[in-house]
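First the structure, in the form of structure tokens, and then the observations on it.
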Amino acid sequence: MAVISNADILQKYLSLDQRGAVQAEYIWIDGFNQLRSKTKTLSKVPGDVSELSEWNYDGSSTGQAEGHDSDVLLQPVAMFADPFRGGDNKLVLCETYNPDGTPHATNYRYACKKVMETYADTKPWFGIEQEYMFIDPETTRPYGWPRNGFPEPQGKYYCGVGAGKIFGRDIVEAHYRACLFAGINISGVNAEVAPGQFEFQVGPCEGIDMGDHLWIARYILDRVAEDFAVTVTIHPKPIKGDWNGAGCHTNYSTEEMREEGGLVAIEKAIEKMSLKHFEHIAVYGEDNDQRLTGKHETGHIGAFSYGIANRGASIRIPRHVGKEGKGYMEDRRPASNIDPYRVTSIIVESSLGP
């Protein structure tokens with residue numbers, strides 16, 4: 001069940017004067033790789049995330065603590081403009097910590113930040129392509145699909161235009177604009193291969209910013225879809241059968257790769273990453289075996305491969321990169337439900353470490 005937002009009534013209240021107060025939406029990742037949030041009132045507009053205070057929540061209700069010792073601490077780490085309340089209100093991404101000050105077991109940002117600091121001189125850039133699908137909560141089927149049976153086979157939906165091809169463009173456009181307002185480094189959107197499936201791209205982002213921006217973009221997507229009474233799934237194979245799965249293709253480069261002759265550095269990095277294929281797969285998303293079958297523009301989960309312009313490979317070197325001899329690589333293995341902190345950190349460690 002879902003209830004559509006009544007925008008006209010809500011606006012009557014959102015237009016009221018806040019009398020100098022600011023609403024800060026504290027956002028964190030729970031024990032199920034999902035997002036949670038709650039609101040705190042601030043007495044003034046924060047100039048920097050470091051000005052925001054620590055907070056806490058009941059971890060026993062988020063899969064992160066036992067009931068007899070349930071407090072989990074929230075430490076603000078990144079701040080964005082709030083596209084839902086507008087004005088000076090903020091979205092605040094937080095890390096999670098145990099009461100003794102140690103990072104919570106589900107806090108993968110903490111370790112990722114250390115990796116990015118270690119290799120900061122290489123200037124690692126990332127761009128992630130987040131695929132997802134809208135679900136109609138009334139039918140529990142993809143948005144726009146018939147209540148019984150199936151739509152026409154894949155072929156006309158990718159980057160399609162027109163009724164009968166695109167289902168949910170209003171939601172996509174609303175999300176795009178909200179991300180731009182928030183300050184997310186969103187670089188584009190497109191309809192994907194399966195009907196009701198879309199993708200947005202975030203990047204290029206350097207280091208830890210990649211995970212921060214992708215998580216907040218996901219939060220904004222969930223909130224926007226909530227207004228339209230539609231749900232979002234980032235499961236890597238939401239519909240079984242001859243339908244494309246969903247990934248988070250991760251584009252990666254270092255300063256050396258982006259300079260003249262950088263293709264040599266790209267190929268060297270790919271060779272090192274190939275030696276740790278299964279270590280990568282272990283953090284590349286749950287149920288990714290349902291997607292990485294060697295079909296539907298994927299490589300097989302059990303084997304590593306790479307090639308120029310090959311969308312059936314584990315890692316693709318774009319054709320223009322091969323021609324120019326510099327640029328970036330595209331790791332096509334990550335599933336749509338990844339934690340980007342885990343993915344970006346292992347890519348950096350595998351490609352640049354000993």
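We name chains A, B, ... following the order of the structure tokens; residues begin at 1 in each chain, and ligands are numbered from 1 as shown.
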All helix (DSSP H, G or I) positions in stretch 108-308 of chain A, as a count of residues only: 72
Long-range neighbours of stretch 141-154 of chain A as number ranges by chain, 7 Å cut-off, only C-alpha atoms, 2 positions minimum in chain: A: 133-136, 139, 156-157, 167, 193-194, 196
Let's have the selection written as a JSON list (two decimals), in the first residue's frame, with N, CA and C atoms.
[["chain", "number", "residue", "atom", "x", "y", "z"],
["A", 133, "MET", "N", 14.58, 0.16, -10.58],
["A", 133, "MET", "CA", 13.28, -0.06, -11.22],
["A", 133, "MET", "C", 12.17, 0.44, -10.30],
["A", 134, "PHE", "N", 11.18, 1.08, -10.89],
["A", 134, "PHE", "CA", 10.00, 1.49, -10.13],
["A", 134, "PHE", "C", 9.05, 0.32, -9.98],
["A", 135, "ILE", "N", 8.44, 0.20, -8.79],
["A", 135, "ILE", "CA", 7.48, -0.86, -8.51],
["A", 135, "ILE", "C", 6.15, -0.24, -8.10],
["A", 136, "ASP", "N", 5.08, -0.74, -8.68],
["A", 136, "ASP", "CA", 3.73, -0.32, -8.29],
["A", 136, "ASP", "C", 3.33, -1.08, -7.03],
["A", 139, "THR", "N", 0.26, -3.53, -7.22],
["A", 139, "THR", "CA", 0.35, -4.80, -7.95],
["A", 139, "THR", "C", 1.62, -5.57, -7.59],
["A", 156, "LYS", "N", 12.55, -1.71, -27.27],
["A", 156, "LYS", "CA", 12.10, -0.35, -27.57],
["A", 156, "LYS", "C", 12.18, 0.59, -26.37],
["A", 157, "TYR", "N", 12.61, 0.09, -25.22],
["A", 157, "TYR", "CA", 12.51, 0.89, -24.00],
["A", 157, "TYR", "C", 13.78, 1.70, -23.69],
["A", 167, "PHE", "N", 7.64, 4.59, -18.49],
["A", 167, "PHE", "CA", 6.70, 4.58, -17.37],
["A", 167, "PHE", "C", 7.40, 5.18, -16.14],
["A", 193, "VAL", "N", 17.00, -0.72, -20.28],
["A", 193, "VAL", "CA", 16.59, -1.73, -21.26],
["A", 193, "VAL", "C", 15.23, -2.34, -20.94],
["A", 194, "ALA", "N", 14.95, -2.58, -19.65],
["A", 194, "ALA", "CA", 13.67, -3.16, -19.27],
["A", 194, "ALA", "C", 12.64, -2.05, -19.04],
["A", 196, "GLY", "N", 10.16, 0.32, -17.25],
["A", 196, "GLY", "CA", 10.07, 0.72, -15.85],
["A", 196, "GLY", "C", 11.41, 0.80, -15.16]]
Closest-contact table, stretch 113-140 of chain A side, partner stretch 237-256 of chain A, 6 Å, counting only C-alpha atoms, as JSON lines:
{"residue": "A:Thr122", "atom": "CA", "partner": "A:Thr254", "partner_atom": "CA", "distance": 5.6}
{"residue": "A:Lys123", "atom": "CA", "partner": "A:Thr254", "partner_atom": "CA", "distance": 5.5}
{"residue": "A:Pro124", "atom": "CA", "partner": "A:Thr254", "partner_atom": "CA", "distance": 4.5}
{"residue": "A:Trp125", "atom": "CA", "partner": "A:Ser253", "partner_atom": "CA", "distance": 5.4}
{"residue": "A:Phe126", "atom": "CA", "partner": "A:Tyr252", "partner_atom": "CA", "distance": 4.7}
{"residue": "A:Gly127", "atom": "CA", "partner": "A:Asn251", "partner_atom": "CA", "distance": 4.9}
{"residue": "A:Ile128", "atom": "CA", "partner": "A:Thr250", "partner_atom": "CA", "distance": 4.6}
{"residue": "A:Glu129", "atom": "CA", "partner": "A:Cys248", "partner_atom": "CA", "distance": 5.1}
{"residue": "A:Gln130", "atom": "CA", "partner": "A:Cys248", "partner_atom": "CA", "distance": 4.8}
{"residue": "A:Glu131", "atom": "CA", "partner": "A:Ala246", "partner_atom": "CA", "distance": 5.3}
Can I get the selection written as a short mmCIF file (atom, residue, chain, number, x, y, z; two decimals), in the first residue's frame, with all heavy atoms?
data_model
loop_
_atom_site.label_atom_id
_atom_site.label_comp_id
_atom_site.auth_asym_id
_atom_site.auth_seq_id
_atom_site.Cartn_x
_atom_site.Cartn_y
_atom_site.Cartn_z
N THR A 122 47.06 9.95 -5.64
CA THR A 122 46.77 9.41 -6.98
C THR A 122 45.53 10.04 -7.59
O THR A 122 45.23 9.81 -8.76
CB THR A 122 46.56 7.88 -6.94
OG1 THR A 122 45.35 7.57 -6.23
CG2 THR A 122 47.75 7.19 -6.26
N LYS A 123 44.79 10.80 -6.78
CA LYS A 123 43.57 11.47 -7.22
C LYS A 123 42.59 10.51 -7.90
O LYS A 123 42.27 10.64 -9.09
CB LYS A 123 43.90 12.64 -8.15
CG LYS A 123 44.65 13.77 -7.45
CD LYS A 123 44.94 14.92 -8.38
CE LYS A 123 45.47 16.14 -7.63
NZ LYS A 123 46.58 15.87 -6.70
N PRO A 124 42.07 9.53 -7.13
CA PRO A 124 41.11 8.58 -7.71
C PRO A 124 39.75 9.21 -7.96
O PRO A 124 39.14 9.78 -7.05
CB PRO A 124 41.03 7.49 -6.64
CG PRO A 124 41.35 8.19 -5.35
CD PRO A 124 42.35 9.27 -5.71
N TRP A 125 39.29 9.12 -9.20
CA TRP A 125 37.98 9.62 -9.58
C TRP A 125 37.06 8.43 -9.86
O TRP A 125 37.48 7.40 -10.38
CB TRP A 125 38.06 10.46 -10.86
CG TRP A 125 38.66 11.81 -10.69
CD1 TRP A 125 39.24 12.35 -9.58
CD2 TRP A 125 38.77 12.80 -11.71
NE1 TRP A 125 39.69 13.61 -9.83
CE2 TRP A 125 39.42 13.92 -11.13
CE3 TRP A 125 38.39 12.86 -13.05
CZ2 TRP A 125 39.69 15.09 -11.86
CZ3 TRP A 125 38.65 14.01 -13.78
CH2 TRP A 125 39.29 15.12 -13.19
N PHE A 126 35.79 8.62 -9.53
CA PHE A 126 34.78 7.60 -9.78
C PHE A 126 33.54 8.22 -10.42
O PHE A 126 33.22 9.39 -10.19
CB PHE A 126 34.35 6.92 -8.48
CG PHE A 126 35.45 6.23 -7.75
CD1 PHE A 126 36.18 6.90 -6.77
CD2 PHE A 126 35.79 4.92 -8.05
CE1 PHE A 126 37.21 6.27 -6.10
CE2 PHE A 126 36.82 4.28 -7.38
CZ PHE A 126 37.53 4.95 -6.40
N GLY A 127 32.85 7.41 -11.19
CA GLY A 127 31.53 7.75 -11.68
C GLY A 127 30.70 6.48 -11.62
O GLY A 127 31.11 5.45 -12.16
N ILE A 128 29.58 6.51 -10.92
CA ILE A 128 28.76 5.30 -10.77
C ILE A 128 27.42 5.46 -11.48
O ILE A 128 26.76 6.50 -11.37
CB ILE A 128 28.55 4.97 -9.27
CG1 ILE A 128 29.89 4.52 -8.66
CG2 ILE A 128 27.50 3.88 -9.10
CD1 ILE A 128 29.79 4.07 -7.21
N GLU A 129 27.04 4.42 -12.21
CA GLU A 129 25.78 4.39 -12.96
C GLU A 129 24.77 3.55 -12.16
O GLU A 129 24.85 2.33 -12.17
CB GLU A 129 26.02 3.77 -14.34
CG GLU A 129 27.14 4.46 -15.12
CD GLU A 129 27.61 3.65 -16.32
OE1 GLU A 129 26.78 2.86 -16.85
OE2 GLU A 129 28.78 3.76 -16.70
N GLN A 130 23.87 4.22 -11.48
CA GLN A 130 22.90 3.54 -10.62
C GLN A 130 21.65 3.16 -11.38
O GLN A 130 20.85 4.01 -11.78
CB GLN A 130 22.52 4.44 -9.44
CG GLN A 130 21.42 3.90 -8.55
CD GLN A 130 21.86 2.71 -7.72
OE1 GLN A 130 22.70 2.85 -6.83
NE2 GLN A 130 21.30 1.54 -8.00
N GLU A 131 21.47 1.86 -11.61
CA GLU A 131 20.25 1.37 -12.23
C GLU A 131 19.24 0.99 -11.15
O GLU A 131 19.61 0.55 -10.06
CB GLU A 131 20.55 0.16 -13.13
CG GLU A 131 21.42 0.52 -14.33
CD GLU A 131 21.73 -0.65 -15.21
OE1 GLU A 131 21.79 -1.80 -14.71
OE2 GLU A 131 21.93 -0.44 -16.42
#
DSSP strand (DSSP E) residues within stretch 22-199 of chain A, listed as an mmCIF file with C-alpha atoms, in the first residue's frame:
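Output saved as out_11.cif:
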data_model
loop_
_atom_site.group_PDB
_atom_site.id
_atom_site.type_symbol
_atom_site.label_atom_id
_atom_site.label_comp_id
_atom_site.auth_asym_id
_atom_site.auth_seq_id
_atom_site.Cartn_x
_atom_site.Cartn_y
_atom_site.Cartn_z
ATOM 1 C CA VAL A 22 16.714 25.154 10.492
ATOM 2 C CA GLN A 23 15.540 21.585 9.996
ATOM 3 C CA ALA A 24 18.400 19.119 9.549
ATOM 4 C CA GLU A 25 17.502 15.650 8.271
ATOM 5 C CA TYR A 26 20.047 13.210 9.733
ATOM 6 C CA ILE A 27 20.452 10.252 7.316
ATOM 7 C CA TRP A 28 22.223 6.962 7.928
ATOM 8 C CA ILE A 29 22.613 3.436 6.536
ATOM 9 C CA LEU A 35 18.454 4.309 4.458
ATOM 10 C CA ARG A 36 16.858 5.799 7.564
ATOM 11 C CA SER A 37 16.437 9.409 8.668
ATOM 12 C CA LYS A 38 15.039 11.686 11.353
ATOM 13 C CA THR A 39 14.874 15.442 11.833
ATOM 14 C CA LYS A 40 16.633 17.750 14.250
ATOM 15 C CA THR A 41 15.972 21.465 14.808
ATOM 16 C CA LEU A 42 18.992 23.780 14.673
ATOM 17 C CA TRP A 55 23.008 12.408 17.765
ATOM 18 C CA ASN A 56 21.755 8.874 18.411
ATOM 19 C CA TYR A 57 18.969 6.429 17.570
ATOM 20 C CA ASP A 58 17.524 3.050 18.565
ATOM 21 C CA ASP A 71 21.952 3.282 21.352
ATOM 22 C CA VAL A 72 23.896 3.872 18.124
ATOM 23 C CA LEU A 73 25.611 7.216 17.633
ATOM 24 C CA LEU A 74 25.276 9.430 14.553
ATOM 25 C CA GLN A 75 28.267 11.505 13.474
ATOM 26 C CA PRO A 76 27.548 14.042 10.678
ATOM 27 C CA VAL A 77 30.052 13.745 7.812
ATOM 28 C CA ALA A 78 28.496 15.446 4.763
ATOM 29 C CA MET A 79 25.835 18.107 4.241
ATOM 30 C CA PHE A 80 23.559 18.969 1.319
ATOM 31 C CA ALA A 81 20.710 21.388 0.624
ATOM 32 C CA LYS A 90 19.767 20.543 5.228
ATOM 33 C CA LEU A 91 20.213 16.871 4.433
ATOM 34 C CA VAL A 92 22.952 15.476 6.675
ATOM 35 C CA LEU A 93 24.705 12.200 5.917
ATOM 36 C CA CYS A 94 25.999 10.481 9.044
ATOM 37 C CA GLU A 95 28.380 7.690 10.000
ATOM 38 C CA THR A 96 27.297 5.252 12.690
ATOM 39 C CA TYR A 97 29.310 4.547 15.855
ATOM 40 C CA TRP A 125 37.977 9.615 -9.582
ATOM 41 C CA PHE A 126 34.781 7.603 -9.784
ATOM 42 C CA GLY A 127 31.527 7.749 -11.685
ATOM 43 C CA ILE A 128 28.758 5.304 -10.767
ATOM 44 C CA GLU A 129 25.784 4.389 -12.960
ATOM 45 C CA GLN A 130 22.900 3.544 -10.615
ATOM 46 C CA GLU A 131 20.252 1.367 -12.231
ATOM 47 C CA TYR A 132 16.900 0.846 -10.536
ATOM 48 C CA MET A 133 13.277 -0.060 -11.215
ATOM 49 C CA PHE A 134 9.996 1.495 -10.134
ATOM 50 C CA ILE A 135 7.481 -0.863 -8.511
ATOM 51 C CA ASP A 136 3.727 -0.318 -8.292
ATOM 52 C CA ARG A 141 4.913 -5.463 -10.341
ATOM 53 C CA PRO A 142 7.133 -3.014 -12.233
ATOM 54 C CA ILE A 186 24.552 14.036 -10.814
ATOM 55 C CA SER A 187 25.739 13.884 -14.417
ATOM 56 C CA GLY A 188 22.798 12.380 -16.273
ATOM 57 C CA VAL A 189 19.789 10.054 -16.454
ATOM 58 C CA ASN A 190 18.313 7.650 -19.003
ATOM 59 C CA ALA A 191 15.647 5.003 -19.425
ATOM 60 C CA GLN A 197 13.839 0.584 -15.374
ATOM 61 C CA PHE A 198 15.994 3.719 -15.268
ATOM 62 C CA GLU A 199 19.513 4.841 -14.479
#
Residue neighbourhood A:Pro354, 10 Å, only C-alpha atoms, exclusion window fewer than 4 positions, as a PyMOL selection string: chain A and resi 272+349-350
Write to file, as a PDB file, in the first residue's frame, the residues of the selection just made, with all heavy atoms.
ATOM      1  N   LYS A 272      46.026  -6.270 -12.000  1.00  0.00           N
ATOM      2  CA  LYS A 272      46.069  -6.460 -10.550  1.00  0.00           C
ATOM      3  C   LYS A 272      44.679  -6.773 -10.001  1.00  0.00           C
ATOM      4  O   LYS A 272      44.523  -7.627  -9.117  1.00  0.00           O
ATOM      5  CB  LYS A 272      46.646  -5.216  -9.878  1.00  0.00           C
ATOM      6  CG  LYS A 272      48.111  -4.964 -10.225  1.00  0.00           C
ATOM      7  CD  LYS A 272      48.623  -3.679  -9.607  1.00  0.00           C
ATOM      8  CE  LYS A 272      48.834  -3.827  -8.120  1.00  0.00           C
ATOM      9  NZ  LYS A 272      49.498  -2.626  -7.542  1.00  0.00           N
ATOM     10  N   GLU A 349      42.299  -0.184  -3.494  1.00  0.00           N
ATOM     11  CA  GLU A 349      43.295  -1.062  -2.854  1.00  0.00           C
ATOM     12  C   GLU A 349      43.835  -2.114  -3.833  1.00  0.00           C
ATOM     13  O   GLU A 349      45.040  -2.367  -3.862  1.00  0.00           O
ATOM     14  CB  GLU A 349      42.674  -1.753  -1.649  1.00  0.00           C
ATOM     15  CG  GLU A 349      42.507  -0.855  -0.433  1.00  0.00           C
ATOM     16  CD  GLU A 349      42.075  -1.639   0.785  1.00  0.00           C
ATOM     17  OE1 GLU A 349      41.023  -2.289   0.722  1.00  0.00           O
ATOM     18  OE2 GLU A 349      42.787  -1.578   1.794  1.00  0.00           O
ATOM     19  N   SER A 350      42.962  -2.726  -4.621  1.00  0.00           N
ATOM     20  CA  SER A 350      43.398  -3.767  -5.547  1.00  0.00           C
ATOM     21  C   SER A 350      44.269  -3.212  -6.660  1.00  0.00           C
ATOM     22  O   SER A 350      45.243  -3.840  -7.070  1.00  0.00           O
ATOM     23  CB  SER A 350      42.186  -4.484  -6.154  1.00  0.00           C
ATOM     24  OG  SER A 350      41.481  -5.210  -5.197  1.00  0.00           O
TER      25      SER A 350
END
Top pick for closest residue to A:Phe32, considering A:Leu275, A:Ile216, A:Ile338, A:Ile346 and counting only C-alpha atoms: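 Smallest separation from A:Phe32 among the options: A:Ile338.
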For A:Lys323, the nearest of the candidates A:Gly261, A:Lys276, A:Asp48, A:Leu292, counting only C-alpha atoms: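 Looking at the shortest contact to A:Lys323, the residue is A:Gly261.
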Close residues, stretch 342-344 of chain A itself excluded, 12 Å, only C-alpha atoms, min 5 positions apart in chain, as number ranges by chain: A: 33, 106-116, 119, 124-128, 205-212, 214, 248-253, 279-285, 331-337, 349-351
d(atom CA of A:Ala182, atom CA of A:Glu54) in Å: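 Atom CA of A:Glu54 lies 21.9 Å from atom CA of A:Ala182.
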Polymer residues at most 9 Å from A:Ile171, only C-alpha atoms, same-chain spacing of 5 or more positions, as a list in words: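 The contact residues come out as Tyr176, Leu221, Val224, Ala225, Asp227, Phe228 and Val230 of chain A.
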What does the file look like for those residues with all heavy atoms, as a short mmCIF file (atom, residue, chain, number, x, y, z; two decimals), in the first residue's frame?
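The resulting selection_38.cif:
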data_model
loop_
_atom_site.label_atom_id
_atom_site.label_comp_id
_atom_site.auth_asym_id
_atom_site.auth_seq_id
_atom_site.Cartn_x
_atom_site.Cartn_y
_atom_site.Cartn_z
N TYR A 176 15.93 14.14 -10.66
CA TYR A 176 17.07 14.83 -11.28
C TYR A 176 17.17 16.27 -10.75
O TYR A 176 18.23 16.72 -10.29
CB TYR A 176 16.88 14.81 -12.79
CG TYR A 176 18.11 15.07 -13.63
CD1 TYR A 176 18.09 14.76 -14.99
CD2 TYR A 176 19.28 15.63 -13.11
CE1 TYR A 176 19.20 14.98 -15.80
CE2 TYR A 176 20.39 15.86 -13.91
CZ TYR A 176 20.35 15.53 -15.26
OH TYR A 176 21.44 15.75 -16.05
N LEU A 221 15.95 9.83 -4.24
CA LEU A 221 15.09 9.03 -5.13
C LEU A 221 13.97 8.36 -4.34
O LEU A 221 12.80 8.37 -4.75
CB LEU A 221 15.92 7.97 -5.85
CG LEU A 221 15.15 7.03 -6.78
CD1 LEU A 221 14.42 7.80 -7.88
CD2 LEU A 221 16.08 5.98 -7.38
N VAL A 224 11.43 11.09 -3.34
CA VAL A 224 10.64 11.57 -4.49
C VAL A 224 9.61 10.51 -4.89
O VAL A 224 8.43 10.82 -5.10
CB VAL A 224 11.56 11.90 -5.68
CG1 VAL A 224 10.74 12.12 -6.96
CG2 VAL A 224 12.39 13.15 -5.38
N ALA A 225 10.03 9.27 -4.98
CA ALA A 225 9.11 8.19 -5.33
C ALA A 225 7.99 8.06 -4.30
O ALA A 225 6.84 7.75 -4.64
CB ALA A 225 9.87 6.87 -5.47
N ASP A 227 6.58 10.49 -2.76
CA ASP A 227 5.58 11.50 -3.11
C ASP A 227 4.63 11.02 -4.20
O ASP A 227 3.45 11.39 -4.24
CB ASP A 227 6.26 12.79 -3.59
CG ASP A 227 6.84 13.61 -2.44
OD1 ASP A 227 6.46 13.36 -1.29
OD2 ASP A 227 7.67 14.51 -2.70
N PHE A 228 5.15 10.18 -5.10
CA PHE A 228 4.35 9.67 -6.21
C PHE A 228 3.66 8.34 -5.87
O PHE A 228 3.03 7.74 -6.74
CB PHE A 228 5.23 9.49 -7.45
CG PHE A 228 5.60 10.78 -8.14
CD1 PHE A 228 6.71 11.51 -7.73
CD2 PHE A 228 4.84 11.26 -9.19
CE1 PHE A 228 7.06 12.69 -8.37
CE2 PHE A 228 5.19 12.43 -9.84
CZ PHE A 228 6.30 13.16 -9.42
N VAL A 230 5.03 5.49 -5.31
CA VAL A 230 5.70 4.41 -6.05
C VAL A 230 6.92 3.99 -5.24
O VAL A 230 7.54 4.82 -4.58
CB VAL A 230 6.12 4.89 -7.46
CG1 VAL A 230 7.00 3.88 -8.15
CG2 VAL A 230 4.88 5.18 -8.31
#
Selected residue, from A:Gln34, A:Phe84, A:Tyr328, A:Asp339, that lies nearest to A:Glu226 when counting only C-alpha atoms: A:Phe84
Interatomic distance (Å, one decimal) between atom CA of A:Leu263 and atom CA of A:Thr298: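 Computed distance, atom CA of A:Leu263 to atom CA of A:Thr298, equals 22.9 Å.
For A:Pro318, the residues within 9 Å (counting only C-alpha atoms, excluding itself and residues fewer than 2 positions away along the chain) are Gly307, Ile308, Ala309, Asn310, Arg316, His320, Val321, Gly322, Lys323, Gly327, Tyr328, Met329 and Glu330 of chain A.
The gap separating atom CA of A:Thr293 from atom CA of A:Ala269 is 24.4 Å, in Å to one decimal.
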If we count only C-alpha atoms and set the cut-off at 10 Å, which residues sit around A:Ser61, ignoring sequence neighbours fewer than 5 positions away in its own chain? Please answer as a JSON list (two decimals) with N, CA and C atoms, in the first residue's frame.
[["chain", "number", "residue", "atom", "x", "y", "z"],
["A", 30, "ASP", "N", 21.28, 1.66, 7.53],
["A", 30, "ASP", "CA", 20.92, 0.74, 8.60],
["A", 30, "ASP", "C", 21.59, -0.62, 8.44],
["A", 31, "GLY", "N", 21.15, -1.60, 9.22],
["A", 31, "GLY", "CA", 21.75, -2.92, 9.18],
["A", 31, "GLY", "C", 21.33, -3.77, 8.00],
["A", 66, "GLU", "N", 21.16, -4.73, 20.00],
["A", 66, "GLU", "CA", 20.22, -5.50, 20.81],
["A", 66, "GLU", "C", 19.40, -4.54, 21.67],
["A", 67, "GLY", "N", 18.22, -4.95, 22.06],
["A", 67, "GLY", "CA", 17.32, -4.09, 22.82],
["A", 67, "GLY", "C", 17.86, -3.64, 24.16],
["A", 70, "SER", "N", 20.80, -0.46, 23.08],
["A", 70, "SER", "CA", 20.38, -0.16, 21.70],
["A", 70, "SER", "C", 20.88, 1.15, 21.11]]
